[in-house]
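Data from coords-v3.cif: mmCIF, C-alpha atoms and all ligand atoms
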```
data_run
loop_
_atom_site.group_PDB
_atom_site.id
_atom_site.type_symbol
_atom_site.label_atom_id
_atom_site.label_comp_id
_atom_site.auth_asym_id
_atom_site.auth_seq_id
_atom_site.Cartn_x
_atom_site.Cartn_y
_atom_site.Cartn_z
ATOM 1 C CA MET N 1 -62.829 -156.165 -87.031
ATOM 2 C CA GLY N 2 -64.022 -155.427 -83.537
ATOM 3 C CA LEU N 3 -65.182 -152.826 -81.059
ATOM 4 C CA ALA N 4 -63.504 -152.916 -77.633
ATOM 5 C CA LEU N 5 -66.110 -152.896 -74.865
ATOM 6 C CA ASP N 6 -65.539 -151.785 -71.280
ATOM 7 C CA GLU N 7 -65.679 -155.258 -69.770
ATOM 8 C CA GLY N 8 -62.575 -156.454 -71.660
ATOM 9 C CA SER N 9 -64.360 -158.051 -74.565
ATOM 10 C CA ILE N 10 -64.540 -157.243 -78.252
ATOM 11 C CA ALA N 11 -67.786 -157.107 -80.223
ATOM 12 C CA ASN N 12 -67.651 -158.473 -83.757
ATOM 13 C CA LEU N 13 -68.426 -155.464 -85.943
ATOM 14 C CA THR N 14 -68.381 -157.510 -89.143
ATOM 15 C CA ALA N 15 -71.483 -159.294 -87.806
ATOM 16 C CA GLY N 16 -73.005 -155.826 -87.346
ATOM 17 C CA GLY N 17 -72.547 -155.013 -91.050
ATOM 18 C CA VAL N 18 -69.413 -152.874 -90.769
ATOM 19 C CA GLU N 19 -67.218 -153.466 -93.833
ATOM 20 C CA SER N 20 -63.943 -151.960 -92.659
ATOM 21 C CA ILE N 21 -62.383 -149.592 -90.144
ATOM 22 C CA THR N 22 -61.982 -147.121 -92.998
ATOM 23 C CA SER N 23 -65.721 -147.152 -93.731
ATOM 24 C CA LEU N 24 -66.368 -146.171 -90.105
ATOM 25 C CA LEU N 25 -63.759 -143.422 -90.204
ATOM 26 C CA GLU N 26 -65.425 -142.040 -93.338
ATOM 27 C CA ASP N 27 -68.892 -142.025 -91.709
ATOM 28 C CA ALA N 28 -69.900 -138.607 -90.380
ATOM 29 C CA ASN N 29 -71.987 -140.380 -87.717
ATOM 30 C CA ARG N 30 -69.237 -142.831 -86.678
ATOM 31 C CA VAL N 31 -69.474 -142.180 -82.936
ATOM 32 C CA GLN N 32 -73.241 -142.645 -82.842
ATOM 33 C CA ARG N 33 -72.957 -145.683 -85.104
ATOM 34 C CA LEU N 34 -70.404 -147.287 -82.788
ATOM 35 C CA SER N 35 -72.519 -146.478 -79.787
ATOM 36 C CA ASP N 36 -75.530 -148.135 -81.491
ATOM 37 C CA LEU N 37 -73.411 -151.175 -82.370
ATOM 38 C CA ALA N 38 -72.213 -151.431 -78.759
ATOM 39 C CA GLY N 39 -75.863 -151.686 -77.712
ATOM 40 C CA GLN N 40 -76.608 -154.548 -80.132
ATOM 41 C CA ASP N 41 -76.241 -158.151 -79.151
ATOM 42 C CA LEU N 42 -73.252 -158.815 -81.414
ATOM 43 C CA PRO N 43 -71.056 -161.903 -80.939
ATOM 44 C CA LYS N 44 -68.283 -161.171 -78.429
ATOM 45 C CA VAL N 45 -64.868 -162.559 -77.708
ATOM 46 C CA ALA N 46 -62.515 -161.852 -74.807
ATOM 47 C CA LEU N 47 -59.796 -159.333 -75.642
ATOM 48 C CA ALA N 48 -57.251 -161.750 -74.171
ATOM 49 C CA ASP N 49 -58.251 -164.379 -76.762
ATOM 50 C CA VAL N 50 -57.748 -162.343 -79.931
ATOM 51 C CA THR N 51 -54.682 -161.521 -81.998
ATOM 52 C CA LEU N 52 -54.897 -157.848 -82.773
ATOM 53 C CA LEU N 53 -53.855 -156.654 -86.240
ATOM 54 C CA THR N 54 -52.688 -153.153 -86.990
ATOM 55 C CA PRO N 55 -55.660 -150.805 -87.493
ATOM 56 C CA VAL N 56 -53.919 -149.409 -90.588
ATOM 57 C CA GLU N 57 -55.882 -150.580 -93.652
ATOM 58 C CA GLY N 58 -55.103 -148.541 -96.786
ATOM 59 C CA GLN N 59 -53.877 -145.401 -95.014
ATOM 60 C CA GLU N 60 -50.485 -143.939 -95.908
ATOM 61 C CA VAL N 61 -48.407 -143.425 -92.779
ATOM 62 C CA TRP N 62 -46.580 -140.122 -92.305
ATOM 63 C CA ALA N 63 -44.707 -138.642 -89.366
ATOM 64 C CA ALA N 64 -44.011 -135.211 -87.930
ATOM 65 C CA GLY N 65 -40.689 -134.494 -86.252
ATOM 66 C CA VAL N 66 -39.116 -132.094 -83.786
ATOM 67 C CA THR N 67 -42.468 -131.285 -82.220
ATOM 68 C CA TYR N 68 -41.200 -131.600 -78.625
ATOM 69 C CA LEU N 69 -38.340 -129.575 -77.120
ATOM 70 C CA ARG N 70 -36.771 -132.876 -76.001
ATOM 71 C CA SER N 71 -36.582 -134.076 -79.597
ATOM 72 C CA LYS N 72 -35.024 -130.823 -80.794
ATOM 73 C CA LYS N 73 -32.332 -130.984 -78.097
ATOM 74 C CA ALA N 74 -31.533 -134.648 -78.764
ATOM 75 C CA ARG N 75 -31.163 -134.101 -82.518
ATOM 76 C CA MET N 76 -28.987 -131.025 -82.021
ATOM 77 C CA GLU N 77 -26.674 -133.051 -79.752
ATOM 78 C CA GLU N 78 -26.634 -135.958 -82.187
ATOM 79 C CA SER N 79 -25.269 -133.948 -85.104
ATOM 80 C CA ASP N 80 -23.252 -130.740 -85.477
ATOM 81 C CA PHE N 81 -23.953 -131.056 -89.182
ATOM 82 C CA SER N 82 -27.742 -130.834 -88.764
ATOM 83 C CA ALA N 83 -28.119 -128.867 -85.495
ATOM 84 C CA ASN N 84 -29.091 -125.634 -87.189
ATOM 85 C CA ALA N 85 -31.774 -127.343 -89.283
ATOM 86 C CA TYR N 86 -33.423 -128.846 -86.190
ATOM 87 C CA ASP N 87 -33.247 -125.545 -84.334
ATOM 88 C CA LEU N 88 -34.890 -123.717 -87.228
ATOM 89 C CA VAL N 89 -37.624 -126.271 -87.896
ATOM 90 C CA TYR N 90 -38.737 -126.302 -84.259
ATOM 91 C CA GLU N 91 -39.555 -122.574 -84.500
ATOM 92 C CA ALA N 92 -40.665 -122.419 -88.137
ATOM 93 C CA ASP N 93 -44.292 -122.106 -89.244
ATOM 94 C CA ARG N 94 -43.965 -125.199 -91.419
ATOM 95 C CA PRO N 95 -43.419 -128.393 -89.414
ATOM 96 C CA GLU N 96 -41.148 -131.240 -90.392
ATOM 97 C CA ILE N 97 -43.350 -133.930 -91.965
ATOM 98 C CA PHE N 98 -41.983 -136.979 -93.719
ATOM 99 C CA PHE N 99 -43.303 -140.141 -95.330
ATOM 100 C CA LYS N 100 -42.952 -143.111 -92.986
ATOM 101 C CA SER N 101 -44.583 -146.253 -94.341
ATOM 102 C CA LEU N 102 -46.778 -147.888 -96.886
ATOM 103 C CA PRO N 103 -49.777 -149.348 -95.065
ATOM 104 C CA GLU N 104 -48.907 -152.942 -95.931
ATOM 105 C CA LYS N 105 -45.460 -152.563 -94.333
ATOM 106 C CA VAL N 106 -46.704 -151.470 -90.903
ATOM 107 C CA SER N 107 -46.149 -153.889 -87.990
ATOM 108 C CA GLY N 108 -49.129 -154.586 -85.777
ATOM 109 C CA PRO N 109 -49.300 -155.304 -82.038
ATOM 110 C CA GLY N 110 -47.034 -158.215 -81.107
ATOM 111 C CA GLU N 111 -45.228 -158.225 -84.460
ATOM 112 C CA ALA N 112 -41.528 -157.532 -84.796
ATOM 113 C CA VAL N 113 -40.147 -154.031 -85.242
ATOM 114 C CA GLY N 114 -36.810 -153.718 -86.981
ATOM 115 C CA ILE N 115 -33.365 -152.317 -86.431
ATOM 116 C CA ARG N 116 -31.198 -151.989 -89.532
ATOM 117 C CA SER N 117 -28.267 -154.351 -89.865
ATOM 118 C CA ASP N 118 -26.094 -151.426 -91.071
ATOM 119 C CA ALA N 119 -26.930 -149.128 -88.142
ATOM 120 C CA THR N 120 -25.241 -148.966 -84.741
ATOM 121 C CA TRP N 121 -27.506 -146.619 -82.768
ATOM 122 C CA ASN N 122 -31.186 -147.515 -82.886
ATOM 123 C CA VAL N 123 -34.123 -146.259 -80.835
ATOM 124 C CA PRO N 124 -37.888 -146.552 -80.706
ATOM 125 C CA GLU N 125 -39.826 -143.304 -80.946
ATOM 126 C CA PRO N 126 -43.134 -143.474 -79.053
ATOM 127 C CA GLU N 127 -45.632 -141.183 -80.763
ATOM 128 C CA LEU N 128 -49.283 -140.250 -80.504
ATOM 129 C CA THR N 129 -50.724 -140.983 -83.938
ATOM 130 C CA LEU N 130 -53.501 -138.951 -85.553
ATOM 131 C CA VAL N 131 -55.993 -140.758 -87.764
ATOM 132 C CA VAL N 132 -57.229 -138.691 -90.706
ATOM 133 C CA ASN N 133 -60.022 -139.633 -93.124
ATOM 134 C CA SER N 134 -60.258 -138.879 -96.853
ATOM 135 C CA ALA N 135 -61.932 -135.539 -96.086
ATOM 136 C CA ASN N 136 -58.780 -134.528 -94.157
ATOM 137 C CA GLN N 137 -60.672 -134.689 -90.866
ATOM 138 C CA LEU N 138 -58.944 -135.796 -87.667
ATOM 139 C CA VAL N 139 -61.213 -138.671 -86.658
ATOM 140 C CA GLY N 140 -59.219 -140.782 -84.208
ATOM 141 C CA TYR N 141 -56.070 -141.487 -82.231
ATOM 142 C CA THR N 142 -53.759 -144.451 -81.934
ATOM 143 C CA ILE N 143 -50.140 -145.234 -80.976
ATOM 144 C CA GLY N 144 -47.170 -145.297 -83.332
ATOM 145 C CA ASN N 145 -43.544 -146.333 -83.074
ATOM 146 C CA ASP N 146 -41.261 -144.374 -85.419
ATOM 147 C CA MET N 147 -38.239 -146.700 -85.225
ATOM 148 C CA SER N 148 -35.126 -144.693 -86.058
ATOM 149 C CA SER N 149 -31.398 -145.162 -86.676
ATOM 150 C CA ARG N 150 -29.758 -142.215 -84.959
ATOM 151 C CA ASP N 151 -26.254 -142.784 -86.305
ATOM 152 C CA ILE N 152 -27.512 -142.668 -89.905
ATOM 153 C CA GLU N 153 -29.753 -139.660 -89.273
ATOM 154 C CA GLY N 154 -26.946 -137.863 -87.411
ATOM 155 C CA GLU N 155 -24.331 -138.423 -90.093
ATOM 156 C CA ASN N 156 -26.157 -136.378 -92.696
ATOM 157 C CA LEU N 157 -29.697 -134.968 -92.810
ATOM 158 C CA LEU N 158 -30.016 -136.237 -96.375
ATOM 159 C CA TYR N 159 -29.867 -139.773 -94.970
ATOM 160 C CA LEU N 160 -33.118 -139.250 -93.048
ATOM 161 C CA PRO N 161 -35.217 -141.532 -95.306
ATOM 162 C CA GLN N 162 -32.724 -144.368 -94.706
ATOM 163 C CA ALA N 163 -32.784 -143.750 -90.940
ATOM 164 C CA LYS N 164 -36.576 -143.806 -90.924
ATOM 165 C CA VAL N 165 -37.883 -146.068 -93.688
ATOM 166 C CA TYR N 166 -36.882 -149.720 -93.914
ATOM 167 C CA ASP N 167 -38.518 -153.071 -93.197
ATOM 168 C CA ARG N 168 -40.488 -153.068 -89.926
ATOM 169 C CA SER N 169 -39.525 -149.490 -89.102
ATOM 170 C CA CYS N 170 -43.077 -148.560 -88.180
ATOM 171 C CA ALA N 171 -45.600 -150.095 -85.804
ATOM 172 C CA VAL N 172 -49.142 -148.816 -85.241
ATOM 173 C CA GLY N 173 -51.861 -150.030 -82.866
ATOM 174 C CA PRO N 174 -53.354 -151.534 -80.811
ATOM 175 C CA TRP N 175 -56.619 -149.850 -81.944
ATOM 176 C CA ILE N 176 -58.147 -146.467 -82.774
ATOM 177 C CA VAL N 177 -59.899 -144.314 -80.187
ATOM 178 C CA VAL N 178 -62.693 -142.106 -81.575
ATOM 179 C CA GLY N 179 -65.100 -139.609 -80.035
ATOM 180 C CA THR N 180 -62.573 -137.512 -78.142
ATOM 181 C CA ASN N 181 -60.935 -134.172 -78.893
ATOM 182 C CA GLU N 182 -57.586 -132.402 -78.738
ATOM 183 C CA ALA N 183 -58.210 -130.811 -75.328
ATOM 184 C CA GLU N 184 -58.867 -134.223 -73.777
ATOM 185 C CA VAL N 185 -56.005 -135.899 -75.614
ATOM 186 C CA ARG N 186 -53.579 -133.251 -74.345
ATOM 187 C CA GLU N 187 -54.290 -134.486 -70.816
ATOM 188 C CA TRP N 188 -52.901 -137.927 -71.713
ATOM 189 C CA GLU N 189 -49.403 -139.191 -70.884
ATOM 190 C CA ILE N 190 -47.208 -141.161 -73.277
ATOM 191 C CA GLY N 191 -44.553 -143.513 -71.986
ATOM 192 C CA VAL N 192 -42.182 -146.164 -73.241
ATOM 193 C CA GLU N 193 -40.587 -149.134 -71.514
ATOM 194 C CA ILE N 194 -37.812 -151.162 -73.091
ATOM 195 C CA VAL N 195 -37.576 -154.612 -71.573
ATOM 196 C CA ARG N 196 -34.305 -156.534 -71.875
ATOM 197 C CA ASP N 197 -33.758 -159.962 -70.300
ATOM 198 C CA ASP N 198 -37.158 -159.631 -68.566
ATOM 199 C CA LYS N 199 -36.168 -156.374 -66.813
ATOM 200 C CA VAL N 200 -37.138 -152.805 -67.608
ATOM 201 C CA PHE N 201 -33.895 -151.484 -69.064
ATOM 202 C CA PHE N 202 -35.143 -148.028 -70.000
ATOM 203 C CA SER N 203 -38.343 -146.153 -69.276
ATOM 204 C CA GLY N 204 -39.473 -142.614 -69.846
ATOM 205 C CA GLU N 205 -42.640 -140.635 -70.234
ATOM 206 C CA THR N 206 -43.952 -137.217 -71.081
ATOM 207 C CA SER N 207 -47.210 -135.371 -71.456
ATOM 208 C CA ILE N 208 -48.935 -135.194 -74.816
ATOM 209 C CA ASN N 209 -49.465 -131.538 -73.950
ATOM 210 C CA ASN N 210 -45.745 -130.947 -74.572
ATOM 211 C CA ILE N 211 -46.371 -131.224 -78.322
ATOM 212 C CA LYS N 212 -45.616 -127.714 -79.546
ATOM 213 C CA ARG N 213 -48.013 -127.599 -82.468
ATOM 214 C CA THR N 214 -51.778 -128.034 -82.555
ATOM 215 C CA PHE N 215 -53.123 -131.231 -84.110
ATOM 216 C CA ASP N 216 -55.094 -129.191 -86.666
ATOM 217 C CA GLU N 217 -51.883 -127.445 -87.696
ATOM 218 C CA LEU N 218 -50.115 -130.775 -88.255
ATOM 219 C CA VAL N 219 -53.047 -132.255 -90.183
ATOM 220 C CA SER N 220 -53.401 -129.145 -92.284
ATOM 221 C CA TYR N 221 -49.727 -129.253 -93.376
ATOM 222 C CA LEU N 222 -49.965 -132.999 -94.042
ATOM 223 C CA CYS N 223 -52.999 -132.554 -96.270
ATOM 224 C CA GLN N 224 -51.771 -129.432 -98.060
ATOM 225 C CA SER N 225 -51.808 -130.052 -101.832
ATOM 226 C CA GLN N 226 -52.323 -133.787 -101.608
ATOM 227 C CA ILE N 227 -55.265 -136.122 -101.235
ATOM 228 C CA PHE N 228 -55.502 -139.364 -99.269
ATOM 229 C CA PRO N 229 -58.274 -141.467 -100.851
ATOM 230 C CA GLN N 230 -57.951 -144.036 -98.032
ATOM 231 C CA GLY N 231 -57.072 -141.500 -95.338
ATOM 232 C CA ALA N 232 -53.739 -141.206 -93.557
ATOM 233 C CA MET N 233 -52.060 -141.693 -90.206
ATOM 234 C CA LEU N 234 -49.711 -139.048 -88.836
ATOM 235 C CA LEU N 235 -47.251 -139.848 -86.063
ATOM 236 C CA THR N 236 -46.782 -136.632 -84.083
ATOM 237 C CA GLY N 237 -43.130 -136.819 -83.027
ATOM 238 C CA THR N 238 -41.343 -138.138 -79.987
ATOM 239 C CA GLY N 239 -40.878 -136.479 -76.619
ATOM 240 C CA VAL N 240 -39.037 -139.404 -75.003
ATOM 241 C CA VAL N 241 -35.446 -139.976 -76.078
ATOM 242 C CA PRO N 242 -33.161 -142.416 -74.193
ATOM 243 C CA ASP N 243 -29.687 -141.246 -73.137
ATOM 244 C CA ASP N 244 -27.096 -141.228 -75.899
ATOM 245 C CA ASP N 245 -25.395 -144.426 -74.688
ATOM 246 C CA PHE N 246 -28.574 -146.433 -75.263
ATOM 247 C CA THR N 247 -29.208 -148.521 -78.359
ATOM 248 C CA LEU N 248 -31.777 -151.233 -78.987
ATOM 249 C CA VAL N 249 -30.650 -154.836 -79.462
ATOM 250 C CA ALA N 250 -32.459 -157.813 -80.992
ATOM 251 C CA GLY N 251 -34.814 -159.393 -78.481
ATOM 252 C CA ASP N 252 -35.674 -156.146 -76.653
ATOM 253 C CA VAL N 253 -39.385 -155.604 -76.128
ATOM 254 C CA VAL N 254 -40.752 -152.096 -76.676
ATOM 255 C CA ARG N 255 -43.929 -151.199 -74.794
ATOM 256 C CA ILE N 256 -45.477 -147.846 -75.645
ATOM 257 C CA ALA N 257 -48.438 -146.763 -73.526
ATOM 258 C CA ILE N 258 -50.734 -143.775 -73.927
ATOM 259 C CA SER N 259 -53.072 -143.252 -70.993
ATOM 260 C CA GLY N 260 -56.229 -142.710 -73.063
ATOM 261 C CA ILE N 261 -55.532 -145.492 -75.555
ATOM 262 C CA GLY N 262 -53.668 -148.584 -74.308
ATOM 263 C CA THR N 263 -50.337 -150.263 -75.009
ATOM 264 C CA LEU N 264 -48.514 -151.146 -78.215
ATOM 265 C CA LYS N 265 -45.970 -153.914 -77.654
ATOM 266 C CA ASN N 266 -43.386 -155.184 -80.151
ATOM 267 C CA LYS N 267 -40.225 -157.247 -80.060
ATOM 268 C CA VAL N 268 -37.092 -155.974 -81.786
ATOM 269 C CA ALA N 269 -35.437 -157.917 -84.618
ATOM 270 C CA VAL N 270 -32.536 -157.114 -86.931
ATOM 271 C CA VAL N 271 -33.698 -156.640 -90.521
HETATM 272 O O1 LIG N 301 -35.655 -135.246 -88.342
HETATM 273 C C1 LIG N 301 -35.657 -136.008 -87.460
HETATM 274 C C2 LIG N 301 -36.773 -136.846 -87.050
HETATM 275 C C3 LIG N 301 -37.593 -136.275 -85.968
HETATM 276 C C4 LIG N 301 -38.550 -137.247 -85.382
HETATM 277 O O2 LIG N 301 -38.821 -138.297 -85.913
HETATM 278 C C5 LIG N 301 -39.196 -136.908 -84.110
HETATM 279 O O3 LIG N 301 -38.977 -135.823 -83.548
HETATM 280 O O4 LIG N 301 -39.948 -137.747 -83.631
HETATM 281 MG MG MG N 302 -40.203 -139.543 -84.716
#
```
With the file now loaded, output its structure as structure tokens.
Ligand code: DO4
Ligand code: MG
Amino acid sequence: MGLALDEGSIANLTAGGVESITSLLEDANRVQRLSDLAGQDLPKVALADVTLLTPVEGQEVWAAGVTYLRSKKARMEESDFSANAYDLVYEADRPEIFFKSLPEKVSGPGEAVGIRSDATWNVPEPELTLVVNSANQLVGYTIGNDMSSRDIEGENLLYLPQAKVYDRSCAVGPWIVVGTNEAEVREWEIGVEIVRDDKVFFSGETSINNIKRTFDELVSYLCQSQIFPQGAMLLTGTGVVPDDDFTLVAGDVVRIAISGIGTLKNKVAVV
């Protein structure tokens, strides 16, 4: 476990007595503690020389949907059957929130993300991801990819779990940013590039500020009437949707960048 330092190196937090990322997220003084650790002479390694793992430890991973106007429009076009539901949920008090992944099934940076072998229309969904501790506090931010099968989702809303939850359908990383707040995060941009045959085949971006709901609102609905002993991650919905004639193929590389965080990169494989 490491702490990314400005000069492109990572300090070994294990050597500084930190047991886990979760223990830091649970610590009320986490920002000060990290700042103190950054000032210690801990062993360091160049960022370029490490293999990053997903920062998800025991956290359940959930996702919000239809939080951007772009997502609402795309879903309404995708399915006459479900158009009314998407229209209503965009305006409703209660957001769409669904279970996305067990922690042990999440792909980390550089690992494969999956497209289903029984789906014909597959997309990545680049999403700001909120990190919540066991006290239901929003304590950090990372990047998530809510891989989705649009043909399955569009056929019938009741197929949503199959469109969203399967092997390698979720990637999270490359790390967690702490010590910032919603106002600052809303100034960030989120973008995705899909690289095919070494060329950028699709790219798009949007502002995090286009998320319709506040982060506190999303976290509060997530944590309503349930506890997360290990904390949770909440993907906040996509605002970048490729044109309808686009589908991922095996071998594509998905690069999701958020200006205040970094880049999450994964290669696509059929699962
Ligand atoms: O119900 C459809 C899924 C919505 C979603 O995942 C999103 O807007 O990102
Ligand atoms: Mg999504």
Counting all atoms listed in the file, the residue of N:Leu264, N:Ile227, N:Ala64, N:Ile143 that sits nearest Thr129 in chain N: N:Ile143
Output the residue selection produced by the PyMOL selection byres (((not hetatm)) within 12 of (chain N and resi 302)) on the file above, formatted as a short mmCIF file (atom, residue, chain, number, x, y, z; two decimals) with C-alpha atoms, in the coordinates of the input.
```cif
data_model
loop_
_atom_site.label_atom_id
_atom_site.label_comp_id
_atom_site.auth_asym_id
_atom_site.auth_seq_id
_atom_site.Cartn_x
_atom_site.Cartn_y
_atom_site.Cartn_z
CA TRP N 62 -46.58 -140.12 -92.30
CA ALA N 63 -44.71 -138.64 -89.37
CA ALA N 64 -44.01 -135.21 -87.93
CA GLY N 65 -40.69 -134.49 -86.25
CA VAL N 66 -39.12 -132.09 -83.79
CA THR N 67 -42.47 -131.28 -82.22
CA TYR N 68 -41.20 -131.60 -78.62
CA ARG N 70 -36.77 -132.88 -76.00
CA SER N 71 -36.58 -134.08 -79.60
CA LYS N 72 -35.02 -130.82 -80.79
CA ALA N 74 -31.53 -134.65 -78.76
CA ARG N 75 -31.16 -134.10 -82.52
CA GLU N 96 -41.15 -131.24 -90.39
CA ILE N 97 -43.35 -133.93 -91.96
CA PHE N 98 -41.98 -136.98 -93.72
CA PHE N 99 -43.30 -140.14 -95.33
CA LYS N 100 -42.95 -143.11 -92.99
CA VAL N 123 -34.12 -146.26 -80.83
CA PRO N 124 -37.89 -146.55 -80.71
CA GLU N 125 -39.83 -143.30 -80.95
CA PRO N 126 -43.13 -143.47 -79.05
CA GLU N 127 -45.63 -141.18 -80.76
CA LEU N 128 -49.28 -140.25 -80.50
CA THR N 129 -50.72 -140.98 -83.94
CA GLY N 144 -47.17 -145.30 -83.33
CA ASN N 145 -43.54 -146.33 -83.07
CA ASP N 146 -41.26 -144.37 -85.42
CA MET N 147 -38.24 -146.70 -85.22
CA SER N 148 -35.13 -144.69 -86.06
CA SER N 149 -31.40 -145.16 -86.68
CA ARG N 150 -29.76 -142.22 -84.96
CA GLU N 153 -29.75 -139.66 -89.27
CA LEU N 160 -33.12 -139.25 -93.05
CA PRO N 161 -35.22 -141.53 -95.31
CA ALA N 163 -32.78 -143.75 -90.94
CA LYS N 164 -36.58 -143.81 -90.92
CA VAL N 165 -37.88 -146.07 -93.69
CA SER N 169 -39.52 -149.49 -89.10
CA CYS N 170 -43.08 -148.56 -88.18
CA ALA N 171 -45.60 -150.10 -85.80
CA LEU N 234 -49.71 -139.05 -88.84
CA LEU N 235 -47.25 -139.85 -86.06
CA THR N 236 -46.78 -136.63 -84.08
CA GLY N 237 -43.13 -136.82 -83.03
CA THR N 238 -41.34 -138.14 -79.99
CA GLY N 239 -40.88 -136.48 -76.62
CA VAL N 240 -39.04 -139.40 -75.00
CA VAL N 241 -35.45 -139.98 -76.08
#
```
Using all atoms listed in the file: which of N:Ala250, N:Thr142, N:Ala46, N:Gly260 has the shortest distance to Asp197 in chain N: N:Ala250
Test item: which residues lie within 8 Å of (-58.4, -152.0, -89.0) counting all atoms listed in the file, as a list in words: Met1, Ser20, Ile21, Thr22, Leu53, Thr54, Pro55, Val56, Glu57 and Trp175 of chain N
Residues just named, written with C-alpha atoms as a short mmCIF file (atom, residue, chain, number, x, y, z; two decimals), in the coordinates of the input:
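Output file selection-v8.cif follows:
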```cif
data_model
loop_
_atom_site.label_atom_id
_atom_site.label_comp_id
_atom_site.auth_asym_id
_atom_site.auth_seq_id
_atom_site.Cartn_x
_atom_site.Cartn_y
_atom_site.Cartn_z
CA MET N 1 -62.83 -156.16 -87.03
CA SER N 20 -63.94 -151.96 -92.66
CA ILE N 21 -62.38 -149.59 -90.14
CA THR N 22 -61.98 -147.12 -93.00
CA LEU N 53 -53.86 -156.65 -86.24
CA THR N 54 -52.69 -153.15 -86.99
CA PRO N 55 -55.66 -150.80 -87.49
CA VAL N 56 -53.92 -149.41 -90.59
CA GLU N 57 -55.88 -150.58 -93.65
CA TRP N 175 -56.62 -149.85 -81.94
#
```
Shortest interatomic distance to Glu111 in chain N - which of N:Pro174, N:Glu184, N:Gln226, N:Asp198, counting only C-alpha atoms: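 That would be N:Pro174, the residue with the smallest distance to Glu111 in chain N.
On the file presented, the PyMOL selection byres (((chain N and resi 201) around 12) and not hetatm) picks out N:Val192, N:Glu193, N:Ile194, N:Val195, N:Arg196, N:Asp197, N:Asp198, N:Lys199, N:Val200, N:Phe202, N:Ser203, N:Gly204, N:Pro242, N:Asp243, N:Phe246, N:Thr247, N:Leu248, N:Val249, N:Asp252, N:Val253, N:Val254, N:Arg255.
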From N:Ile258, N:Ile152, N:Val50, N:Met233, residue lying nearest ligand LIG 301 (chain N) [all atoms listed in the file]: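 The shortest atom-to-atom distance to ligand LIG 301 (chain N) comes from N:Ile152.
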Pick from N:Gly262, N:Gly173, N:Gly17, N:Gly251 nearest to Trp188 in chain N, counting only C-alpha atoms: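 Smallest distance to Trp188 in chain N is found for N:Gly262.
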Could you give me the axis-aligned bounding box of ligand LIG 301 (chain N), with 6 Å of padding per side, as centre plus edge lengths in Å to one decimal, as lines of an AutoDock Vina configuration file?
```
center_x = -37.8
center_y = -136.8
center_z = -85.9
size_x = 16.3
size_y = 15.1
size_z = 16.8
```
Among the residues N:Lys44, N:Val61, N:Trp121, N:Val131, the one that comes closest to Gly179 in chain N [using all atoms listed in the file]: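 Checking each of N:Lys44, N:Val61, N:Trp121, N:Val131 against Gly179 in chain N, counting all atoms listed in the file, the winner is N:Val131.
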Point (-73.7, -152.6, -90.9) neighbourhood (12 Å, only C-alpha atoms) written as a ChimeraX atom specification: /N:12-21,23-24,27,30,33-34,36-37,40,42
Atomic distance CA of Ser82 in chain N - CA of Ile256 in chain N, expressed in Å with one decimal: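 CA of Ser82 in chain N sits 27.9 Å away from CA of Ile256 in chain N.
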Long-range neighbours of Gln230 in chain N as a list in words, 8 Å cut-off, only C-alpha atoms, 3 positions minimum in chain: Thr22, Gly58, Gln59, Glu60, Asn133 and Ser134 of chain N
Length of the CA of Glu7 in chain N to CA of Val177 in chain N vector [Å]: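 Atom-to-atom, CA of Glu7 in chain N and CA of Val177 in chain N are spaced 16.2 Å apart.
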Who sits within 12 Å of Asp93 in chain N, all atoms listed in the file, same chain under 2 positions skipped, as a VMD selection string: chain N and resid 67 88 to 91 95 to 96 212 to 214 217 to 218 220 to 221
Coordinates-based distance that separates CA of Ser101 in chain N from CA of Asp87 in chain N (Å, one decimal):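 A separation of 25.6 Å between them.
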Answer key for the PyMOL selection byres (((chain N and resi 178) around 8) and not hetatm), residues as number ranges by chain: N: 31, 139-141, 176-177, 179-180
